[in-house]
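J.: Provided below: work_13.tsv, containing TSV, C-alpha atoms.
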```tsv
chain	number	residue	atom	x	y	z
A	214	MET	CA	2.91	-13.49	9.08
A	215	GLY	CA	2.86	-9.71	9.36
A	216	ASP	CA	4.49	-7.23	7.06
A	217	GLN	CA	8.10	-6.31	7.72
A	218	GLN	CA	8.89	-2.77	8.88
A	219	ARG	CA	11.57	-0.60	7.29
A	220	GLY	CA	12.06	2.96	8.40
A	221	GLY	CA	8.60	3.02	9.98
A	222	ARG	CA	6.90	1.85	6.77
A	223	ALA	CA	5.46	-1.59	6.23
A	224	GLU	CA	7.32	-3.58	3.60
A	225	PRO	CA	5.09	-5.24	1.02
A	226	VAL	CA	4.53	-8.97	1.14
A	227	ILE	CA	5.19	-10.34	-2.38
A	228	SER	CA	3.14	-13.42	-3.35
A	229	ARG	CA	2.29	-15.36	-6.51
A	230	ILE	CA	-0.70	-13.91	-8.32
A	231	SER	CA	-3.80	-16.04	-8.81
A	232	ASP	CA	-7.15	-15.62	-10.51
A	233	ARG	CA	-8.62	-15.08	-7.02
A	234	ASP	CA	-6.75	-11.74	-7.03
A	235	ALA	CA	-8.42	-10.59	-10.27
A	236	GLY	CA	-10.93	-8.16	-8.79
A	237	GLU	CA	-8.37	-6.38	-6.62
A	238	VAL	CA	-5.79	-6.39	-9.43
A	239	LEU	CA	-8.30	-4.84	-11.83
A	240	THR	CA	-9.14	-2.11	-9.30
A	241	VAL	CA	-5.47	-1.24	-8.73
A	242	GLN	CA	-4.72	-1.48	-12.45
A	243	ARG	CA	-7.48	0.97	-13.37
A	244	ALA	CA	-6.49	3.40	-10.63
A	245	ALA	CA	-2.81	3.19	-11.60
A	246	PHE	CA	-3.39	3.75	-15.30
A	247	VAL	CA	-5.66	6.80	-14.95
A	248	SER	CA	-2.52	8.94	-14.67
A	249	GLU	CA	-1.14	7.32	-17.83
A	250	ALA	CA	-4.40	8.08	-19.63
A	251	ALA	CA	-4.06	11.73	-18.59
A	252	ILE	CA	-0.48	11.87	-19.96
A	253	TYR	CA	-1.59	10.48	-23.32
A	254	GLY	CA	-4.99	12.19	-23.46
A	255	SER	CA	-6.89	8.94	-23.99
A	256	VAL	CA	-8.70	6.43	-21.82
A	257	ASP	CA	-8.77	3.96	-24.69
A	258	MET	CA	-5.92	1.81	-23.41
A	259	PRO	CA	-6.05	-1.91	-22.53
A	260	PRO	CA	-5.34	-1.50	-18.79
A	261	LEU	CA	-8.45	0.69	-18.53
A	262	THR	CA	-10.75	-1.18	-20.91
A	263	GLN	CA	-9.92	-4.74	-19.83
A	264	THR	CA	-12.87	-6.60	-18.30
A	265	LEU	CA	-12.77	-8.75	-15.19
A	266	SER	CA	-13.34	-11.95	-17.22
A	267	GLU	CA	-10.51	-11.00	-19.60
A	268	LEU	CA	-8.20	-10.41	-16.65
A	269	GLU	CA	-9.20	-13.70	-15.00
A	270	ALA	CA	-8.35	-15.56	-18.23
A	271	GLU	CA	-5.03	-13.71	-18.46
A	272	LEU	CA	-4.15	-14.66	-14.89
A	273	ARG	CA	-4.72	-18.33	-15.70
A	274	SER	CA	-2.24	-18.20	-18.60
A	275	GLU	CA	0.42	-15.85	-17.20
A	276	SER	CA	2.60	-15.71	-14.13
A	277	GLY	CA	2.84	-12.79	-11.80
A	278	PHE	CA	3.12	-11.44	-8.30
A	279	THR	CA	1.10	-9.23	-6.04
A	280	ALA	CA	2.34	-6.86	-3.35
A	281	ARG	CA	0.24	-6.43	-0.22
A	282	ILE	CA	0.65	-4.21	2.79
A	283	ASP	CA	-1.49	-5.06	5.80
A	284	GLY	CA	-3.59	-7.30	3.52
A	285	ARG	CA	-4.29	-4.52	0.99
A	286	LEU	CA	-3.25	-5.22	-2.60
A	287	VAL	CA	-0.99	-2.26	-3.50
A	288	GLY	CA	0.69	-3.60	-6.64
A	289	ALA	CA	0.84	-6.35	-9.23
A	290	ILE	CA	3.09	-7.49	-12.06
A	291	ARG	CA	2.38	-10.01	-14.80
A	292	PHE	CA	4.80	-11.80	-17.11
A	293	VAL	CA	5.39	-14.76	-19.41
A	294	GLU	CA	8.55	-16.52	-20.55
A	295	LYS	CA	8.99	-17.13	-24.25
A	296	ASP	CA	12.08	-18.31	-26.13
A	297	GLY	CA	14.50	-17.40	-23.31
A	298	LEU	CA	12.94	-13.97	-22.84
A	299	LEU	CA	11.02	-12.83	-19.76
A	300	LEU	CA	8.25	-10.64	-21.17
A	301	ILE	CA	7.05	-8.36	-18.41
A	302	GLY	CA	3.52	-7.22	-18.96
A	303	ARG	CA	1.46	-4.94	-16.82
A	304	ILE	CA	2.94	-3.41	-13.69
A	305	ALA	CA	0.33	-1.58	-11.65
A	306	ILE	CA	0.93	0.22	-8.36
A	307	ALA	CA	-1.83	1.88	-6.32
A	308	PRO	CA	-1.54	5.64	-6.90
A	309	ASP	CA	-1.04	6.45	-3.20
A	310	MET	CA	1.83	3.91	-3.03
A	311	GLN	CA	3.74	4.93	-6.17
A	312	GLY	CA	7.34	5.97	-5.48
A	313	GLU	CA	7.63	3.68	-2.45
A	314	GLY	CA	9.76	0.96	-4.10
A	315	ILE	CA	6.90	-1.48	-4.74
A	316	GLY	CA	7.43	-1.53	-8.52
A	317	ARG	CA	11.13	-2.24	-7.99
A	318	SER	CA	10.30	-5.08	-5.57
A	319	LEU	CA	7.85	-6.63	-8.04
A	320	LEU	CA	10.35	-6.35	-10.92
A	321	GLU	CA	13.04	-8.04	-8.80
A	322	ALA	CA	10.64	-10.85	-7.84
A	323	ALA	CA	9.75	-11.45	-11.51
A	324	GLU	CA	13.40	-11.44	-12.58
A	325	GLN	CA	14.47	-13.78	-9.76
A	326	SER	CA	11.67	-16.24	-10.52
A	327	SER	CA	12.73	-16.57	-14.15
A	328	ALA	CA	15.20	-18.85	-15.89
A	329	ALA	CA	15.25	-16.51	-18.92
A	330	ASP	CA	18.49	-14.95	-20.15
A	331	GLU	CA	16.94	-11.54	-20.70
A	332	ALA	CA	13.90	-9.52	-19.62
A	333	GLU	CA	11.89	-7.09	-21.74
A	334	LEU	CA	9.21	-4.57	-20.88
A	335	PHE	CA	7.75	-1.51	-22.52
A	336	THR	CA	6.16	1.81	-21.72
A	337	GLY	CA	5.10	4.90	-23.59
A	338	SER	CA	7.63	7.55	-24.54
A	339	LEU	CA	5.83	10.18	-22.40
A	340	SER	CA	5.88	8.00	-19.26
A	341	GLU	CA	8.95	9.61	-17.73
A	342	ALA	CA	8.55	8.14	-14.23
A	343	ASN	CA	8.28	4.62	-15.68
A	344	LEU	CA	11.35	5.15	-17.87
A	345	ARG	CA	13.35	6.44	-14.87
A	346	LEU	CA	12.32	3.42	-12.77
A	347	TYR	CA	13.18	0.88	-15.46
A	348	GLU	CA	16.55	2.49	-16.20
A	349	ALA	CA	17.33	2.62	-12.45
A	350	CYS	CA	16.57	-1.13	-12.33
A	351	GLY	CA	19.12	-1.82	-15.08
A	352	TYR	CA	16.91	-1.81	-18.17
A	353	GLN	CA	18.25	-0.21	-21.34
A	354	GLU	CA	16.34	1.05	-24.32
A	355	HIS	CA	16.21	-1.60	-27.04
A	356	GLU	CA	13.69	-0.30	-29.58
A	357	ARG	CA	11.10	2.43	-30.20
A	358	VAL	CA	7.94	1.76	-32.14
A	359	PRO	CA	5.85	4.75	-33.32
A	360	ASP	CA	2.22	4.75	-32.18
A	361	GLY	CA	1.12	7.00	-35.03
A	362	ASP	CA	0.07	9.81	-32.69
A	363	GLY	CA	3.49	11.38	-32.16
A	364	THR	CA	4.31	9.05	-29.26
A	365	GLU	CA	6.25	5.81	-29.25
A	366	GLN	CA	6.28	2.52	-27.38
A	367	VAL	CA	9.72	2.24	-25.76
A	368	PHE	CA	10.97	-1.34	-25.35
A	369	LEU	CA	13.68	-1.85	-22.74
A	370	ARG	CA	15.75	-4.93	-22.01
A	371	LYS	CA	17.93	-6.22	-19.19
A	372	ARG	CA	20.35	-9.17	-19.07
A	373	LEU	CA	19.44	-11.62	-16.32
A	374	GLY	CA	21.80	-13.99	-14.57
A	375	PRO	CA	25.59	-14.10	-14.97
```
Can you present the structure in this file as structure tokens?

T.:
Amino acid sequence: MGDQQRGGRAEPVISRISDRDAGEVLTVQRAAFVSEAAIYGSVDMPPLTQTLSELEAELRSESGFTARIDGRLVGAIRFVEKDGLLLIGRIAIAPDMQGEGIGRSLLEAAEQSSAADEAELFTGSLSEANLRLYEACGYQEHERVPDGDGTEQVFLRKRLGP
């Protein structure tokens, strides 16, 4: 089945993530987080230092989705459910596809697949584009945790369901 067209652009095909996707996910993840590393002035962050075998193990224990356009992996999201909370982990969108609605589509897929009452995700306090996206998707700031370097991890939550 081909990708759907909207306004001349191909719509991403959202599918369940599997450990077979690990290599492509790692490539997109590293490319996506280079801009985050530049914002924070450090490449010492898990999305950039994670190994392929670590990612493969993670994919076996977590759920997630991929987004593909014309067969190319352009985005991924990972999550787990714990105690009625959907914990959204890494969202990675290929740099040339950021701002095209793929992150929003992946967030919606994760939320709709969950029976949790609430979803939580986090980003760094300097990641303004991420904060704008999450707030536009209905997430509200829940907590800030200092990183010790003048920045903070910003945790956001959203009620799911009725």

J.: From the list A:Ala280, A:Met258, A:Ala323, A:Leu300, which residue is nearest Phe246 of chain A when using all atoms listed in the file?

T.: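 Closest candidate: A:Met258.
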
J.: Write out as a ChimeraX atom specification the residues lying within 10 Å of Arg357 of chain A, counting all atoms listed in the file and excluding same-chain residues fewer than 3 positions away.

T.: /A:335-338,354,360,364-369

J.: With all atoms listed in the file as the atoms that count, which of A:Asp330, A:Asp234, A:Glu341, A:Glu269 lies nearest to Asp296 of chain A?

T.: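 For Asp296 of chain A, the nearest of the given residues is A:Asp330.
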
J.: Could you check which of A:Ser266, A:Ser326, A:Ser228, A:Ser318 is closest to Leu286 of chain A, using all atoms listed in the file?

T.: A:Ser228

J.: Of the candidates A:Ile304, A:Ala349, A:Leu373, A:Ala289, which shows the shortest atom-to-atom distance to Glu324 of chain A, using only C-alpha atoms?

T.: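 Checking each of A:Ile304, A:Ala349, A:Leu373, A:Ala289 against Glu324 of chain A, counting only C-alpha atoms, the winner is A:Leu373.
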
J.: Given all atoms listed in the file as the basis, pick out the residue of A:Arg303, A:Lys371, A:Arg229, A:Arg345 nearest to Gly277 of chain A.

T.: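 Of A:Arg303, A:Lys371, A:Arg229, A:Arg345, the one nearest Gly277 of chain A, counting all atoms listed in the file, is A:Arg229.
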
J.: Atom CA of Gln353 of chain A and atom CA of Gln263 of chain A, how far apart in Å?

T.: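 Rounded to one decimal, the two atoms are 28.6 Å apart.
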
J.: At what distance in Å, to one decimal, does atom CA of Ala235 of chain A lie from atom CA of Ala305 of chain A?

T.: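 Separation of atom CA of Ala305 of chain A and atom CA of Ala235 of chain A: 12.6 Å.
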